[in-house]
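**Q** Data file coords-v5.tsv (TSV, C-alpha atoms) is appended below.
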chain	number	residue	atom	x	y	z
A	1	MET	CA	93.99	90.86	203.90
A	2	LYS	CA	91.04	91.21	201.70
A	3	GLY	CA	91.35	93.47	198.62
A	4	ALA	CA	94.65	95.03	199.65
A	5	LYS	CA	98.14	94.08	198.66
A	6	ALA	CA	100.55	93.18	201.40
A	7	LYS	CA	103.67	95.31	201.59
A	8	LYS	CA	106.80	93.23	201.29
A	9	ASP	CA	110.28	94.23	202.29
A	10	VAL	CA	109.30	97.64	203.59
A	11	VAL	CA	112.07	99.25	205.54
A	12	ALA	CA	110.89	101.47	208.35
A	13	THR	CA	112.43	104.92	208.29
A	14	PRO	CA	113.06	106.66	211.56
A	15	LYS	CA	110.80	109.64	212.22
A	16	LYS	CA	112.45	113.01	212.04
A	17	ASP	CA	112.41	115.45	214.87
A	18	SER	CA	110.07	118.37	214.78
A	19	LYS	CA	113.17	120.62	214.89
A	20	GLU	CA	114.45	119.17	211.61
A	21	LEU	CA	111.05	119.61	210.02
A	22	SER	CA	110.81	123.22	211.14
A	23	LYS	CA	114.29	123.95	209.75
A	24	LYS	CA	113.23	122.67	206.34
A	25	ALA	CA	110.06	124.73	206.50
A	26	GLU	CA	112.09	127.85	207.32
A	27	GLU	CA	114.46	127.18	204.41
A	28	THR	CA	111.61	126.88	201.94
A	29	ASN	CA	110.03	130.06	203.30
A	30	LEU	CA	113.33	131.89	202.90
A	31	LYS	CA	113.61	130.68	199.31
A	32	ARG	CA	110.14	131.96	198.58
A	33	LYS	CA	110.93	135.34	200.14
A	34	LYS	CA	114.09	135.68	198.05
A	35	SER	CA	112.10	135.65	194.81
A	36	ALA	CA	111.76	138.88	192.84
A	37	PRO	CA	110.07	141.75	194.65
A	38	LYS	CA	106.51	142.62	193.68
A	39	GLU	CA	107.63	145.81	191.93
A	40	GLU	CA	109.84	143.86	189.52
A	41	LYS	CA	107.10	141.33	188.88
A	42	ALA	CA	104.68	144.13	188.06
A	43	THR	CA	107.04	145.59	185.48
A	44	LYS	CA	107.50	142.18	183.88
A	45	ARG	CA	103.74	141.89	183.48
A	46	GLN	CA	103.58	145.33	181.93
A	47	VAL	CA	106.34	144.42	179.49
A	48	ARG	CA	104.41	141.32	178.41
A	49	LYS	CA	101.33	143.42	177.76
A	50	ASP	CA	103.36	146.00	175.85
A	51	ARG	CA	104.94	143.33	173.63
A	52	LYS	CA	101.58	142.37	172.16
A	53	ALA	CA	101.13	144.23	168.90
A	54	LYS	CA	98.04	146.37	168.64
A	55	LYS	CA	95.65	145.48	165.85
A	56	ASP	CA	95.12	147.98	163.08
A	57	PRO	CA	91.43	148.95	162.97
A	58	ASN	CA	91.73	149.71	159.23
A	59	LYS	CA	92.84	146.19	158.34
A	60	PRO	CA	90.12	144.27	156.47
A	61	LYS	CA	88.43	141.50	158.41
A	62	ARG	CA	88.88	137.92	157.25
A	63	PRO	CA	85.98	136.51	155.25
A	64	PRO	CA	83.58	133.99	156.79
A	65	SER	CA	83.73	130.34	155.81
A	66	ALA	CA	80.88	128.68	153.94
A	67	PHE	CA	79.43	127.46	157.24
A	68	PHE	CA	79.27	130.96	158.68
A	69	VAL	CA	77.69	132.29	155.49
A	70	PHE	CA	75.05	129.58	155.95
A	71	LEU	CA	74.70	130.41	159.64
A	72	GLU	CA	73.92	134.08	158.87
A	73	GLU	CA	70.84	133.01	156.91
A	74	PHE	CA	69.96	130.19	159.29
A	75	ARG	CA	69.90	132.51	162.31
A	76	LYS	CA	67.30	134.74	160.67
A	77	THR	CA	65.00	131.87	159.76
A	78	TYR	CA	65.48	130.10	163.10
A	79	LYS	CA	64.69	133.27	165.08
A	80	SER	CA	61.55	133.91	163.04
A	81	ASP	CA	60.40	130.29	163.53
A	82	ASN	CA	61.37	130.19	167.24
A	83	PRO	CA	61.03	133.72	168.68
A	84	ASN	CA	61.23	132.47	172.30
A	85	VAL	CA	64.70	130.96	171.88
A	86	LYS	CA	67.29	133.60	172.73
A	87	ALA	CA	70.29	131.40	173.60
A	88	VAL	CA	73.11	131.70	171.08
A	89	ALA	CA	74.35	128.21	171.87
A	90	VAL	CA	71.00	126.64	171.01
A	91	ILE	CA	70.86	128.44	167.66
A	92	GLY	CA	74.46	127.49	166.88
A	93	LYS	CA	73.85	123.88	167.79
A	94	ALA	CA	70.76	123.71	165.57
A	95	GLY	CA	72.69	125.37	162.73
A	96	GLY	CA	75.54	122.90	163.07
A	97	ASP	CA	73.18	119.95	162.99
A	98	LYS	CA	71.43	121.31	159.91
A	99	TRP	CA	74.78	121.94	158.16
A	100	LYS	CA	75.92	118.38	158.85
A	101	SER	CA	72.71	116.95	157.45
A	102	MET	CA	72.92	119.01	154.23
A	103	SER	CA	74.25	117.45	151.02
A	104	ASP	CA	77.07	118.98	148.96
A	105	ALA	CA	74.53	120.25	146.43
A	106	GLU	CA	72.66	122.12	149.18
A	107	LYS	CA	75.94	123.58	150.50
A	108	ALA	CA	77.09	124.74	147.05
A	109	PRO	CA	75.47	128.23	147.10
A	110	TYR	CA	77.04	128.98	150.49
A	111	ILE	CA	80.44	127.75	149.30
A	112	ALA	CA	80.14	130.01	146.23
A	113	LYS	CA	79.25	133.03	148.39
A	114	ALA	CA	82.20	132.28	150.69
A	115	GLU	CA	84.60	132.08	147.73
A	116	LYS	CA	83.24	135.37	146.38
A	117	ARG	CA	83.81	137.04	149.76
A	118	LYS	CA	87.32	135.54	149.93
A	119	ALA	CA	88.18	136.99	146.51
A	120	GLU	CA	86.91	140.39	147.65
A	121	TYR	CA	88.94	140.09	150.86
A	122	ASP	CA	92.08	139.22	148.87
A	123	ARG	CA	91.65	142.39	146.81
A	124	ASN	CA	91.06	144.49	149.92
A	125	ILE	CA	94.02	143.04	151.82
A	126	GLN	CA	96.30	143.56	148.86
A	127	ALA	CA	95.23	147.22	148.64
A	128	TYR	CA	95.72	147.54	152.40
A	129	GLN	CA	99.23	146.09	152.18
A	130	GLN	CA	100.10	148.43	149.30
A	131	LYS	CA	99.02	151.39	151.43
A	132	GLY	CA	101.20	150.06	154.26
A	133	LYS	CA	104.22	149.73	151.99
A	134	LEU	CA	103.76	153.24	150.66
A	135	ALA	CA	103.51	154.60	154.18
A	136	ASP	CA	106.63	152.67	155.24
A	137	GLU	CA	108.61	153.97	152.27
A	138	GLY	CA	107.41	157.51	152.93
A	139	THR	CA	108.63	157.44	156.52
A	140	GLY	CA	112.08	156.12	155.63
A	141	GLU	CA	114.73	158.69	156.48
A	142	VAL	CA	117.27	157.40	154.00
A	143	SER	CA	116.79	160.13	151.42
A	144	ASP	CA	114.41	162.93	150.54
A	145	LYS	CA	114.59	162.07	146.86
A	146	SER	CA	112.41	159.46	145.23
A	147	LYS	CA	114.06	156.50	143.53
A	148	SER	CA	113.51	157.97	140.09
A	149	GLU	CA	115.26	161.21	141.06
A	150	VAL	CA	118.22	159.28	142.46
A	151	ASN	CA	118.50	157.29	139.23
A	152	ASP	CA	118.35	160.52	137.16
A	153	ASP	CA	121.22	162.03	139.15
A	154	GLU	CA	123.35	158.93	138.61
A	155	ASP	CA	122.72	159.03	134.87
A	156	GLU	CA	123.81	162.68	134.68
A	157	ASP	CA	127.03	161.98	136.60
A	158	GLU	CA	127.92	159.15	134.24
A	159	SER	CA	127.44	161.29	131.12
A	160	GLY	CA	130.02	163.76	132.37
A	161	GLU	CA	127.65	166.67	132.80
A	162	GLU	CA	127.93	168.27	136.17
A	163	GLU	CA	125.69	171.01	137.43
A	164	ASP	CA	127.25	173.95	139.23
A	165	ASP	CA	125.11	175.56	141.89
A	166	GLU	CA	127.18	178.75	142.04
Translate the structure of the given file into structure tokens.
**A**
Amino acid sequence: MKGAKAKKDVVATPKKDSKELSKKAEETNLKRKKSAPKEEKATKRQVRKDRKAKKDPNKPKRPPSAFFVFLEEFRKTYKSDNPNVKAVAVIGKAGGDKWKSMSDAEKAPYIAKAEKRKAEYDRNIQAYQQKGKLADEGTGEVSDKSKSEVNDDEDEDESGEEEDDE
């Protein structure tokens, strides 16, 4: 036998009847039919979609990296030099190649701009989170009084002065 390995010690198994094969096929079909009805599956899918939190449109967007700051400028120059090229992939590829070939000194202004945008983003996100905390505290149904009013009432009770509302 050329190119093929000879099978050694292979035990021949008797062929099964077509009746046995059809029984197994029926069993597997029954198992498939017993799975959850389509209505239940549809509700599971809806639950998965509902679980995903919706994004807040007021949340500040993350700042671009130094590469993307560079790419903003590069796109403008590349489009003016090559007005016939409309493919985004071609422009991105050319930008990536240019970025790789640049030295650290050439990348420095883009890195500085990216850091400046990151600092601005940090300020904006902090302000956004403060607004969120204020809104969360305002919706709390624990008490109608602010924390300072609650502390004032406790101080008055400790001093022995009680107010009568009669």
**Q** What is the distance between CA of Lys54 in chain A and CA of Glu120 in chain A, in Å to one decimal?
**A**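 CA of Glu120 in chain A lies 24.5 Å from CA of Lys54 in chain A.
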**Q** Which residues come within 9 Å of Tyr128 in chain A, counting only C-alpha atoms, excluding same-chain residues fewer than 6 positions away, as a VMD selection string?
**A** chain A and resid 58 to 60
**Q** Can you sort out the box for range 116-121 of chain A, edges along x, y and z, all listed atoms in, 4 Å on every side, with centre and edge lengths in Å to one decimal, as AutoDock Vina command-line options?
**A**
--center_x 86.1 --center_y 137.9 --center_z 148.6 --size_x 13.7 --size_y 13.0 --size_z 12.5
**Q** Measuring between all atoms listed in the file, which one of A:Ala119, A:Ala108, A:Ala127, A:Val90 shows the shortest distance to Phe70 in chain A?
**A**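 The answer is A:Ala108, which sits nearest to Phe70 in chain A.
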**Q** Which residues are near Ala112 in chain A? Cut-off 12 Å, only C-alpha atoms, ignore same chain within fewer than 6 positions. Put them as an MDAnalysis selection string.
**A** chainID A and resid 64:67 69:70 104:106 118:119
**Q** Convert the current residue selection to file output with C-alpha atoms, as a PDB file, keeping the file's coordinate frame.
**A**
ATOM      1  CA  PRO A  64      83.580 133.990 156.790  1.00  0.00           C
ATOM      2  CA  SER A  65      83.730 130.340 155.810  1.00  0.00           C
ATOM      3  CA  ALA A  66      80.880 128.680 153.940  1.00  0.00           C
ATOM      4  CA  PHE A  67      79.430 127.460 157.240  1.00  0.00           C
ATOM      5  CA  VAL A  69      77.690 132.290 155.490  1.00  0.00           C
ATOM      6  CA  PHE A  70      75.050 129.580 155.950  1.00  0.00           C
ATOM      7  CA  ASP A 104      77.070 118.980 148.960  1.00  0.00           C
ATOM      8  CA  ALA A 105      74.530 120.250 146.430  1.00  0.00           C
ATOM      9  CA  GLU A 106      72.660 122.120 149.180  1.00  0.00           C
ATOM     10  CA  LYS A 118      87.320 135.540 149.930  1.00  0.00           C
ATOM     11  CA  ALA A 119      88.180 136.990 146.510  1.00  0.00           C
TER      12      ALA A 119
END
**Q** Show me as an mmCIF file with C-alpha atoms, in the coordinates of the input the residues that reach within 12 Å of (72.6, 122.4, 158.2), counting all atoms listed in the file and using the file's own coordinates.
**A**
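See part.cif below for the written result:
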data_model
loop_
_atom_site.group_PDB
_atom_site.id
_atom_site.type_symbol
_atom_site.label_atom_id
_atom_site.label_comp_id
_atom_site.auth_asym_id
_atom_site.auth_seq_id
_atom_site.Cartn_x
_atom_site.Cartn_y
_atom_site.Cartn_z
ATOM 1 C CA ALA A 66 80.880 128.680 153.940
ATOM 2 C CA PHE A 67 79.430 127.460 157.240
ATOM 3 C CA PHE A 68 79.270 130.960 158.680
ATOM 4 C CA VAL A 69 77.690 132.290 155.490
ATOM 5 C CA PHE A 70 75.050 129.580 155.950
ATOM 6 C CA LEU A 71 74.700 130.410 159.640
ATOM 7 C CA GLU A 72 73.920 134.080 158.870
ATOM 8 C CA GLU A 73 70.840 133.010 156.910
ATOM 9 C CA PHE A 74 69.960 130.190 159.290
ATOM 10 C CA ARG A 75 69.900 132.510 162.310
ATOM 11 C CA TYR A 78 65.480 130.100 163.100
ATOM 12 C CA ILE A 91 70.860 128.440 167.660
ATOM 13 C CA GLY A 92 74.460 127.490 166.880
ATOM 14 C CA LYS A 93 73.850 123.880 167.790
ATOM 15 C CA ALA A 94 70.760 123.710 165.570
ATOM 16 C CA GLY A 95 72.690 125.370 162.730
ATOM 17 C CA GLY A 96 75.540 122.900 163.070
ATOM 18 C CA ASP A 97 73.180 119.950 162.990
ATOM 19 C CA LYS A 98 71.430 121.310 159.910
ATOM 20 C CA TRP A 99 74.780 121.940 158.160
ATOM 21 C CA LYS A 100 75.920 118.380 158.850
ATOM 22 C CA SER A 101 72.710 116.950 157.450
ATOM 23 C CA MET A 102 72.920 119.010 154.230
ATOM 24 C CA SER A 103 74.250 117.450 151.020
ATOM 25 C CA ASP A 104 77.070 118.980 148.960
ATOM 26 C CA GLU A 106 72.660 122.120 149.180
ATOM 27 C CA LYS A 107 75.940 123.580 150.500
ATOM 28 C CA TYR A 110 77.040 128.980 150.490
#
**Q** CA of Arg117 in chain A and CA of Lys61 in chain A, how far apart in Å?
**A** 10.8 Å
